[in-house]
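Novice: Data file work_36.cif (mmCIF, N, CA and C atoms) is appended below.
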```
data_structure
#
loop_
_atom_site.label_atom_id
_atom_site.label_comp_id
_atom_site.auth_asym_id
_atom_site.auth_seq_id
_atom_site.Cartn_x
_atom_site.Cartn_y
_atom_site.Cartn_z
N MET A 12 -3.19 -172.97 -114.43
CA MET A 12 -2.89 -174.38 -114.58
C MET A 12 -2.27 -174.66 -115.95
N LEU A 13 -2.91 -174.17 -117.02
CA LEU A 13 -2.38 -174.38 -118.36
C LEU A 13 -1.03 -173.69 -118.52
N GLY A 14 -0.89 -172.54 -117.90
CA GLY A 14 0.39 -171.83 -117.96
C GLY A 14 1.52 -172.62 -117.33
N ARG A 15 1.23 -173.27 -116.22
CA ARG A 15 2.24 -174.09 -115.56
C ARG A 15 2.63 -175.29 -116.41
N ILE A 16 1.64 -175.91 -117.04
CA ILE A 16 1.93 -177.05 -117.90
C ILE A 16 2.78 -176.60 -119.09
N LYS A 17 2.42 -175.46 -119.67
CA LYS A 17 3.18 -174.93 -120.80
C LYS A 17 4.62 -174.65 -120.38
N ASN A 18 4.80 -174.05 -119.21
CA ASN A 18 6.15 -173.76 -118.73
C ASN A 18 6.96 -175.03 -118.53
N ILE A 19 6.32 -176.07 -118.03
CA ILE A 19 7.01 -177.34 -117.81
C ILE A 19 7.43 -177.94 -119.14
N LEU A 20 6.52 -177.91 -120.12
CA LEU A 20 6.81 -178.51 -121.41
C LEU A 20 7.80 -177.71 -122.24
N LEU A 21 7.72 -176.39 -122.18
CA LEU A 21 8.55 -175.55 -123.03
C LEU A 21 9.83 -175.06 -122.37
N ALA A 22 9.85 -174.99 -121.06
CA ALA A 22 11.02 -174.45 -120.36
C ALA A 22 12.14 -175.46 -120.38
N ASP A 23 13.31 -174.98 -120.67
CA ASP A 23 14.50 -175.81 -120.66
C ASP A 23 15.24 -175.48 -119.37
N ARG A 24 15.03 -176.29 -118.36
CA ARG A 24 15.59 -176.00 -117.05
C ARG A 24 17.11 -175.92 -117.06
N ALA A 25 17.75 -176.78 -117.80
CA ALA A 25 19.22 -176.76 -117.84
C ALA A 25 19.72 -175.41 -118.31
N TYR A 26 19.09 -174.88 -119.31
CA TYR A 26 19.51 -173.59 -119.85
C TYR A 26 19.10 -172.47 -118.92
N ALA A 27 17.88 -172.48 -118.45
CA ALA A 27 17.37 -171.41 -117.59
C ALA A 27 18.16 -171.31 -116.29
N GLU A 28 18.57 -172.44 -115.74
CA GLU A 28 19.29 -172.44 -114.48
C GLU A 28 20.78 -172.14 -114.65
N SER A 29 21.30 -172.31 -115.85
CA SER A 29 22.73 -172.14 -116.04
C SER A 29 23.14 -170.70 -116.34
N ALA A 30 22.17 -169.84 -116.66
CA ALA A 30 22.50 -168.45 -116.96
C ALA A 30 21.33 -167.56 -116.56
N THR A 31 21.57 -166.66 -115.63
CA THR A 31 20.50 -165.80 -115.16
C THR A 31 20.60 -164.39 -115.74
N ASP A 32 21.80 -163.89 -115.96
CA ASP A 32 22.03 -162.57 -116.52
C ASP A 32 21.76 -162.61 -118.03
N PRO A 33 21.10 -161.59 -118.60
CA PRO A 33 20.79 -161.59 -120.05
C PRO A 33 22.03 -161.73 -120.93
N ASP A 34 23.13 -161.06 -120.59
CA ASP A 34 24.36 -161.18 -121.38
C ASP A 34 24.92 -162.59 -121.28
N GLU A 35 24.85 -163.15 -120.10
CA GLU A 35 25.34 -164.51 -119.89
C GLU A 35 24.48 -165.52 -120.66
N ARG A 36 23.17 -165.28 -120.67
CA ARG A 36 22.26 -166.15 -121.43
C ARG A 36 22.58 -166.07 -122.92
N GLN A 37 22.89 -164.88 -123.40
CA GLN A 37 23.23 -164.69 -124.81
C GLN A 37 24.52 -165.45 -125.15
N GLN A 38 25.52 -165.32 -124.29
CA GLN A 38 26.79 -166.02 -124.51
C GLN A 38 26.58 -167.54 -124.50
N LEU A 39 25.83 -168.02 -123.51
CA LEU A 39 25.59 -169.45 -123.40
C LEU A 39 24.78 -169.96 -124.59
N ALA A 40 23.81 -169.20 -125.03
CA ALA A 40 22.98 -169.61 -126.17
C ALA A 40 23.83 -169.73 -127.43
N LEU A 41 24.66 -168.73 -127.71
CA LEU A 41 25.49 -168.79 -128.90
C LEU A 41 26.49 -169.94 -128.81
N ALA A 42 27.11 -170.11 -127.66
CA ALA A 42 28.07 -171.21 -127.49
C ALA A 42 27.39 -172.56 -127.70
N ALA A 43 26.19 -172.72 -127.17
CA ALA A 43 25.46 -173.99 -127.32
C ALA A 43 25.14 -174.25 -128.78
N LEU A 44 24.71 -173.23 -129.50
CA LEU A 44 24.38 -173.42 -130.92
C LEU A 44 25.63 -173.76 -131.74
N LEU A 45 26.74 -173.14 -131.42
CA LEU A 45 27.98 -173.45 -132.13
C LEU A 45 28.44 -174.88 -131.84
N LEU A 46 28.29 -175.30 -130.59
CA LEU A 46 28.65 -176.68 -130.25
C LEU A 46 27.71 -177.68 -130.92
N GLU A 47 26.45 -177.33 -131.00
CA GLU A 47 25.49 -178.21 -131.69
C GLU A 47 25.85 -178.30 -133.17
N MET A 48 26.34 -177.21 -133.73
CA MET A 48 26.78 -177.23 -135.12
C MET A 48 27.94 -178.21 -135.30
N ALA A 49 28.87 -178.21 -134.37
CA ALA A 49 30.00 -179.13 -134.45
C ALA A 49 29.55 -180.58 -134.35
N ARG A 50 28.47 -180.82 -133.64
CA ARG A 50 27.94 -182.17 -133.47
C ARG A 50 27.03 -182.60 -134.62
N ALA A 51 26.57 -181.67 -135.41
CA ALA A 51 25.52 -181.95 -136.41
C ALA A 51 25.91 -183.02 -137.41
N ASP A 52 27.18 -183.09 -137.78
CA ASP A 52 27.60 -184.08 -138.77
C ASP A 52 28.10 -185.37 -138.12
N PHE A 53 27.90 -185.51 -136.81
CA PHE A 53 28.29 -186.70 -136.05
C PHE A 53 29.79 -186.93 -136.09
N ASP A 54 30.55 -185.86 -136.28
CA ASP A 54 32.00 -185.96 -136.33
C ASP A 54 32.60 -184.66 -135.79
N GLU A 55 32.68 -184.57 -134.47
CA GLU A 55 33.24 -183.37 -133.85
C GLU A 55 34.75 -183.39 -134.02
N SER A 56 35.26 -182.47 -134.80
CA SER A 56 36.70 -182.43 -135.02
C SER A 56 37.36 -181.43 -134.07
N SER A 57 38.63 -181.63 -133.85
CA SER A 57 39.36 -180.69 -133.01
C SER A 57 39.45 -179.33 -133.69
N ASP A 58 39.44 -179.31 -135.03
CA ASP A 58 39.43 -178.04 -135.76
C ASP A 58 38.18 -177.23 -135.41
N GLU A 59 37.05 -177.91 -135.36
CA GLU A 59 35.80 -177.23 -135.02
C GLU A 59 35.82 -176.73 -133.59
N GLN A 60 36.33 -177.53 -132.67
CA GLN A 60 36.39 -177.13 -131.27
C GLN A 60 37.30 -175.91 -131.08
N LEU A 61 38.45 -175.93 -131.74
CA LEU A 61 39.36 -174.79 -131.66
C LEU A 61 38.75 -173.55 -132.30
N ALA A 62 38.05 -173.75 -133.41
CA ALA A 62 37.40 -172.62 -134.08
C ALA A 62 36.34 -172.01 -133.17
N ILE A 63 35.53 -172.85 -132.55
CA ILE A 63 34.48 -172.35 -131.66
C ILE A 63 35.08 -171.57 -130.50
N ARG A 64 36.11 -172.11 -129.90
CA ARG A 64 36.77 -171.42 -128.78
C ARG A 64 37.27 -170.04 -129.23
N GLY A 65 37.87 -170.00 -130.41
CA GLY A 65 38.36 -168.73 -130.94
C GLY A 65 37.24 -167.76 -131.26
N PHE A 66 36.15 -168.27 -131.86
CA PHE A 66 35.00 -167.41 -132.18
C PHE A 66 34.42 -166.80 -130.92
N LEU A 67 34.25 -167.62 -129.88
CA LEU A 67 33.68 -167.12 -128.62
C LEU A 67 34.61 -166.11 -127.96
N ALA A 68 35.91 -166.40 -127.95
CA ALA A 68 36.86 -165.49 -127.33
C ALA A 68 36.86 -164.14 -128.04
N THR A 69 36.83 -164.17 -129.37
CA THR A 69 36.83 -162.94 -130.15
C THR A 69 35.51 -162.20 -130.03
N HIS A 70 34.42 -162.92 -130.24
CA HIS A 70 33.10 -162.30 -130.28
C HIS A 70 32.71 -161.66 -128.95
N PHE A 71 33.03 -162.33 -127.84
CA PHE A 71 32.63 -161.82 -126.52
C PHE A 71 33.80 -161.22 -125.74
N GLU A 72 34.96 -161.09 -126.38
CA GLU A 72 36.16 -160.55 -125.74
C GLU A 72 36.50 -161.31 -124.46
N LEU A 73 36.64 -162.63 -124.60
CA LEU A 73 36.95 -163.51 -123.48
C LEU A 73 38.38 -164.02 -123.63
N THR A 74 38.96 -164.44 -122.52
CA THR A 74 40.23 -165.13 -122.59
C THR A 74 39.96 -166.55 -123.10
N GLU A 75 41.02 -167.24 -123.48
CA GLU A 75 40.86 -168.63 -123.94
C GLU A 75 40.26 -169.49 -122.82
N ALA A 76 40.70 -169.26 -121.59
CA ALA A 76 40.18 -170.02 -120.45
C ALA A 76 38.70 -169.75 -120.23
N GLU A 77 38.31 -168.48 -120.33
CA GLU A 77 36.89 -168.13 -120.17
C GLU A 77 36.05 -168.73 -121.29
N ALA A 78 36.58 -168.70 -122.51
CA ALA A 78 35.87 -169.30 -123.64
C ALA A 78 35.73 -170.81 -123.44
N GLY A 79 36.76 -171.44 -122.92
CA GLY A 79 36.69 -172.88 -122.63
C GLY A 79 35.66 -173.20 -121.57
N ALA A 80 35.62 -172.38 -120.53
CA ALA A 80 34.63 -172.59 -119.47
C ALA A 80 33.22 -172.39 -120.01
N LEU A 81 33.04 -171.39 -120.86
CA LEU A 81 31.74 -171.16 -121.50
C LEU A 81 31.34 -172.35 -122.35
N MET A 82 32.28 -172.91 -123.08
CA MET A 82 32.00 -174.08 -123.91
C MET A 82 31.59 -175.28 -123.04
N ASP A 83 32.24 -175.45 -121.90
CA ASP A 83 31.89 -176.55 -121.00
C ASP A 83 30.47 -176.39 -120.48
N ARG A 84 30.13 -175.16 -120.06
CA ARG A 84 28.76 -174.91 -119.57
C ARG A 84 27.74 -175.09 -120.68
N ALA A 85 28.09 -174.64 -121.87
CA ALA A 85 27.17 -174.77 -123.01
C ALA A 85 26.97 -176.24 -123.39
N ALA A 86 28.03 -177.02 -123.35
CA ALA A 86 27.92 -178.45 -123.67
C ALA A 86 27.01 -179.14 -122.67
N LYS A 87 27.15 -178.78 -121.40
CA LYS A 87 26.29 -179.38 -120.37
C LYS A 87 24.84 -178.96 -120.59
N ALA A 88 24.61 -177.70 -120.86
CA ALA A 88 23.24 -177.22 -121.10
C ALA A 88 22.65 -177.88 -122.33
N MET A 89 23.44 -178.04 -123.38
CA MET A 89 22.95 -178.66 -124.60
C MET A 89 22.66 -180.14 -124.39
N ASP A 90 23.51 -180.82 -123.62
CA ASP A 90 23.29 -182.24 -123.33
C ASP A 90 22.00 -182.46 -122.56
N GLU A 91 21.63 -181.51 -121.72
CA GLU A 91 20.43 -181.63 -120.90
C GLU A 91 19.21 -181.02 -121.57
N SER A 92 19.40 -180.41 -122.71
CA SER A 92 18.33 -179.73 -123.42
C SER A 92 17.52 -180.71 -124.27
N VAL A 93 16.27 -180.35 -124.51
CA VAL A 93 15.43 -181.17 -125.37
C VAL A 93 15.19 -180.52 -126.73
N CYS A 94 15.50 -179.25 -126.87
CA CYS A 94 15.29 -178.57 -128.15
C CYS A 94 16.17 -177.32 -128.23
N LEU A 95 16.21 -176.74 -129.40
CA LEU A 95 17.00 -175.53 -129.64
C LEU A 95 16.23 -174.26 -129.32
N PHE A 96 14.93 -174.37 -129.12
CA PHE A 96 14.07 -173.20 -129.03
C PHE A 96 14.51 -172.20 -127.97
N ASP A 97 14.83 -172.66 -126.78
CA ASP A 97 15.22 -171.71 -125.72
C ASP A 97 16.51 -170.98 -126.06
N PHE A 98 17.42 -171.67 -126.71
CA PHE A 98 18.67 -171.03 -127.10
C PHE A 98 18.42 -169.98 -128.18
N THR A 99 17.64 -170.34 -129.18
CA THR A 99 17.37 -169.38 -130.25
C THR A 99 16.46 -168.26 -129.77
N ARG A 100 15.54 -168.56 -128.88
CA ARG A 100 14.66 -167.52 -128.35
C ARG A 100 15.45 -166.45 -127.61
N ALA A 101 16.44 -166.89 -126.82
CA ALA A 101 17.27 -165.94 -126.08
C ALA A 101 17.99 -165.00 -127.03
N LEU A 102 18.45 -165.53 -128.15
CA LEU A 102 19.14 -164.69 -129.12
C LEU A 102 18.16 -163.81 -129.89
N HIS A 103 17.03 -164.38 -130.29
CA HIS A 103 16.03 -163.62 -131.04
C HIS A 103 15.54 -162.43 -130.22
N ASP A 104 15.32 -162.65 -128.94
CA ASP A 104 14.79 -161.60 -128.07
C ASP A 104 15.80 -160.50 -127.77
N SER A 105 17.09 -160.81 -127.85
CA SER A 105 18.09 -159.84 -127.40
C SER A 105 18.96 -159.25 -128.51
N LEU A 106 18.84 -159.75 -129.73
CA LEU A 106 19.70 -159.27 -130.80
C LEU A 106 18.91 -158.51 -131.87
N ASP A 107 19.58 -157.54 -132.49
CA ASP A 107 18.97 -156.90 -133.66
C ASP A 107 19.32 -157.74 -134.89
N TYR A 108 18.81 -157.36 -136.06
CA TYR A 108 18.98 -158.17 -137.25
C TYR A 108 20.45 -158.34 -137.64
N GLU A 109 21.23 -157.30 -137.54
CA GLU A 109 22.66 -157.38 -137.89
C GLU A 109 23.39 -158.37 -136.98
N GLN A 110 23.03 -158.37 -135.70
CA GLN A 110 23.65 -159.30 -134.76
C GLN A 110 23.22 -160.73 -135.05
N LYS A 111 21.98 -160.91 -135.49
CA LYS A 111 21.51 -162.24 -135.87
C LYS A 111 22.28 -162.73 -137.09
N LEU A 112 22.58 -161.83 -138.01
CA LEU A 112 23.39 -162.20 -139.16
C LEU A 112 24.76 -162.68 -138.72
N GLU A 113 25.32 -162.04 -137.70
CA GLU A 113 26.62 -162.46 -137.18
C GLU A 113 26.54 -163.86 -136.57
N VAL A 114 25.44 -164.19 -135.92
CA VAL A 114 25.24 -165.55 -135.38
C VAL A 114 25.25 -166.55 -136.53
N VAL A 115 24.51 -166.26 -137.59
CA VAL A 115 24.46 -167.17 -138.74
C VAL A 115 25.84 -167.28 -139.38
N ARG A 116 26.56 -166.18 -139.46
CA ARG A 116 27.92 -166.19 -140.01
C ARG A 116 28.82 -167.12 -139.18
N LEU A 117 28.72 -167.04 -137.86
CA LEU A 117 29.53 -167.90 -136.99
C LEU A 117 29.14 -169.37 -137.14
N LEU A 118 27.86 -169.62 -137.38
CA LEU A 118 27.42 -171.00 -137.62
C LEU A 118 28.04 -171.53 -138.92
N TRP A 119 28.04 -170.71 -139.98
CA TRP A 119 28.67 -171.13 -141.24
C TRP A 119 30.17 -171.37 -141.02
N ARG A 120 30.83 -170.48 -140.30
CA ARG A 120 32.27 -170.64 -140.06
C ARG A 120 32.56 -171.93 -139.31
N THR A 121 31.72 -172.25 -138.34
CA THR A 121 31.89 -173.49 -137.58
C THR A 121 31.68 -174.69 -138.48
N ALA A 122 30.62 -174.66 -139.28
CA ALA A 122 30.32 -175.78 -140.17
C ALA A 122 31.45 -176.00 -141.17
N LEU A 123 32.07 -174.93 -141.61
CA LEU A 123 33.12 -175.03 -142.63
C LEU A 123 34.54 -175.14 -142.05
N ALA A 124 34.64 -175.18 -140.72
CA ALA A 124 35.96 -175.23 -140.07
C ALA A 124 36.74 -176.49 -140.45
N ASP A 125 36.04 -177.58 -140.74
CA ASP A 125 36.71 -178.82 -141.13
C ASP A 125 36.79 -178.98 -142.65
N ASP A 126 36.54 -177.89 -143.37
CA ASP A 126 36.65 -177.83 -144.83
C ASP A 126 35.65 -178.72 -145.58
N ARG A 127 34.54 -179.06 -144.94
CA ARG A 127 33.47 -179.75 -145.67
C ARG A 127 32.13 -179.41 -145.01
N LEU A 128 31.12 -179.35 -145.85
CA LEU A 128 29.79 -179.00 -145.37
C LEU A 128 28.89 -180.22 -145.50
N ASP A 129 28.41 -180.69 -144.37
CA ASP A 129 27.52 -181.84 -144.32
C ASP A 129 26.08 -181.36 -144.46
N LYS A 130 25.21 -182.20 -145.00
CA LYS A 130 23.80 -181.81 -145.18
C LYS A 130 23.12 -181.53 -143.84
N TYR A 131 23.54 -182.19 -142.78
CA TYR A 131 22.95 -181.94 -141.47
C TYR A 131 23.39 -180.59 -140.91
N GLU A 132 24.61 -180.20 -141.22
CA GLU A 132 25.08 -178.89 -140.80
C GLU A 132 24.28 -177.79 -141.50
N GLU A 133 24.09 -177.95 -142.80
CA GLU A 133 23.33 -176.94 -143.54
C GLU A 133 21.89 -176.89 -143.04
N TYR A 134 21.31 -178.05 -142.76
CA TYR A 134 19.95 -178.09 -142.22
C TYR A 134 19.86 -177.33 -140.90
N LEU A 135 20.84 -177.56 -140.01
CA LEU A 135 20.82 -176.90 -138.71
C LEU A 135 20.95 -175.38 -138.86
N ILE A 136 21.81 -174.95 -139.74
CA ILE A 136 21.96 -173.50 -139.96
C ILE A 136 20.64 -172.91 -140.43
N ARG A 137 20.00 -173.57 -141.37
CA ARG A 137 18.71 -173.05 -141.89
C ARG A 137 17.65 -173.05 -140.80
N LYS A 138 17.64 -174.07 -139.97
CA LYS A 138 16.66 -174.15 -138.88
C LYS A 138 16.87 -173.02 -137.87
N VAL A 139 18.12 -172.82 -137.46
CA VAL A 139 18.42 -171.75 -136.50
C VAL A 139 18.12 -170.40 -137.12
N ALA A 140 18.53 -170.20 -138.36
CA ALA A 140 18.29 -168.92 -139.04
C ALA A 140 16.79 -168.64 -139.15
N ASP A 141 16.00 -169.67 -139.44
CA ASP A 141 14.54 -169.50 -139.49
C ASP A 141 14.00 -169.07 -138.13
N LEU A 142 14.50 -169.68 -137.07
CA LEU A 142 14.05 -169.34 -135.71
C LEU A 142 14.47 -167.93 -135.31
N LEU A 143 15.54 -167.44 -135.95
CA LEU A 143 16.00 -166.07 -135.69
C LEU A 143 15.38 -165.07 -136.68
N TYR A 144 14.56 -165.57 -137.60
CA TYR A 144 13.92 -164.74 -138.63
C TYR A 144 14.92 -164.05 -139.54
N VAL A 145 15.95 -164.81 -139.93
CA VAL A 145 16.93 -164.33 -140.90
C VAL A 145 16.45 -164.78 -142.27
N SER A 146 16.48 -163.88 -143.24
CA SER A 146 15.95 -164.19 -144.57
C SER A 146 16.81 -165.22 -145.29
N ASN A 147 16.18 -165.97 -146.17
CA ASN A 147 16.87 -166.99 -146.95
C ASN A 147 17.98 -166.37 -147.80
N GLY A 148 17.73 -165.21 -148.36
CA GLY A 148 18.75 -164.53 -149.16
C GLY A 148 20.00 -164.22 -148.35
N ASP A 149 19.81 -163.79 -147.10
CA ASP A 149 20.96 -163.51 -146.24
C ASP A 149 21.69 -164.80 -145.85
N ILE A 150 20.96 -165.88 -145.66
CA ILE A 150 21.59 -167.17 -145.33
C ILE A 150 22.52 -167.59 -146.46
N ILE A 151 22.03 -167.50 -147.68
CA ILE A 151 22.82 -167.89 -148.86
C ILE A 151 24.01 -166.95 -149.05
N ARG A 152 23.77 -165.65 -148.90
CA ARG A 152 24.85 -164.67 -149.05
C ARG A 152 25.97 -164.94 -148.05
N LEU A 153 25.61 -165.20 -146.79
CA LEU A 153 26.61 -165.47 -145.76
C LEU A 153 27.38 -166.76 -146.05
N ARG A 154 26.66 -167.77 -146.53
CA ARG A 154 27.34 -169.03 -146.89
C ARG A 154 28.38 -168.77 -147.98
N ASN A 155 27.98 -168.05 -149.00
CA ASN A 155 28.90 -167.77 -150.10
C ASN A 155 30.10 -166.94 -149.64
N GLU A 156 29.86 -165.98 -148.76
CA GLU A 156 30.97 -165.18 -148.23
C GLU A 156 31.95 -166.02 -147.44
N GLU A 157 31.44 -166.97 -146.67
CA GLU A 157 32.31 -167.80 -145.83
C GLU A 157 33.04 -168.87 -146.65
N ARG A 158 32.49 -169.27 -147.77
CA ARG A 158 33.15 -170.26 -148.63
C ARG A 158 34.31 -169.64 -149.39
N ASP A 159 34.26 -168.34 -149.63
CA ASP A 159 35.31 -167.68 -150.42
C ASP A 159 36.58 -167.50 -149.67
#
```
Here is the file; what I need is its structure written in the form of structure tokens.
Specialist:
Amino acid sequence: MLGRIKNILLADRAYAESATDPDERQQLALAALLLEMARADFDESSDEQLAIRGFLATHFELTEAEAGALMDRAAKAMDESVCLFDFTRALHDSLDYEQKLEVVRLLWRTALADDRLDKYEEYLIRKVADLLYVSNGDIIRLRNEERD
């Protein structure tokens, strides 16, 4: 009984139902986090959207059309989501530390795509990085590398 209640409260049905394959869940989770980063400063720019599409196409070896479709599915999952936990959990469970660093790097790149860093964007990066168990030193190092 308690397990069922916990599943209802913690399970993100939109995310769970939108991707069943582990690789697909990983792609959807990263896309959702990048889209949330673009939304964090309450000013989604076309530069950020284009950057995200390019990051996804490059990172997962997708065509532009496939990256666009992934972004659409991720936006829908994020709109129906109540928290970031399921997205970060999927990445934490399936990535090694170096791959988690790449996720944080992509978050910094997305945040800086419009040439300014908002306090909400930095907060979101730190929150996601904490959920992925990325060290504070690595977060700062990646930020500095992406600013250069």
Novice: If the PyMOL selection byres ((chain A and resi 51) around 8) is run on the structure shown, which residues does it catch, given as a list in words?
Specialist: Leu45, Leu46, Glu47, Met48, Ala49, Arg50, Asp52, Phe53, Asp54, Glu55, Asp129, Lys130, Tyr131, Glu132, Glu133 and Leu135 of chain A
Novice: Give me every alpha helix (DSSP H) residue in chain A, going by DSSP on the backbone, as a PyMOL selection string.
Specialist: chain A and resi 13-21+24-29+33-50+57-71+75-91+96-105+108-122+130-142+147-158
Novice: Run the PyMOL selection byres (((chain A and resi 110-127 and name CA) around 8) and name CA) mentally over the shown coordinates, then write out the matched residues as a ChimeraX atom specification, using the chain letters and numbers from the document.
Specialist: /A:41,44-45,48-49,56,58-59,62-63,66,102-103,106-109,128-129,132-133,136,139-140,143,145,149-150,153-154,157-158
Novice: If you measure from atom N of Ala78 (chain A) to CA of Pro33 (chain A), what distance in Å do you get, rounded to one decimal?
Specialist: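 Computing the Euclidean distance for atom N of Ala78 (chain A) and CA of Pro33 (chain A) yields 17.5 Å.
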Novice: I'd like the interatomic distance between atom C of Glu35 (chain A) and atom N of Tyr144 (chain A), to a tenth of an Å.
Specialist: 19.6 Å
Novice: Would you work out the distance separating CA of Lys138 (chain A) from atom C of Ile151 (chain A), expressed in Å to one decimal?
Specialist: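 Distance reported for this atom pair: 14.5 Å.
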Novice: Nearest residue to Ala43 (chain A) out of A:Glu156, A:Leu142, A:Glu91, A:Leu81, using all atoms listed in the file?
Specialist: A:Leu81
Novice: Measuring atom to atom with only C-alpha atoms, identify which of A:Asp34, A:Asp141, A:Glu72, A:Glu77 is nearest to Phe96 (chain A).
Specialist: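 Smallest separation from Phe96 (chain A) among the options: A:Asp141.
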Novice: Using only C-alpha atoms, find the one residue out of A:Cys94, A:Gly148, A:Phe71, A:Gly65 that sits nearest to Gln38 (chain A).
Specialist: A:Phe71
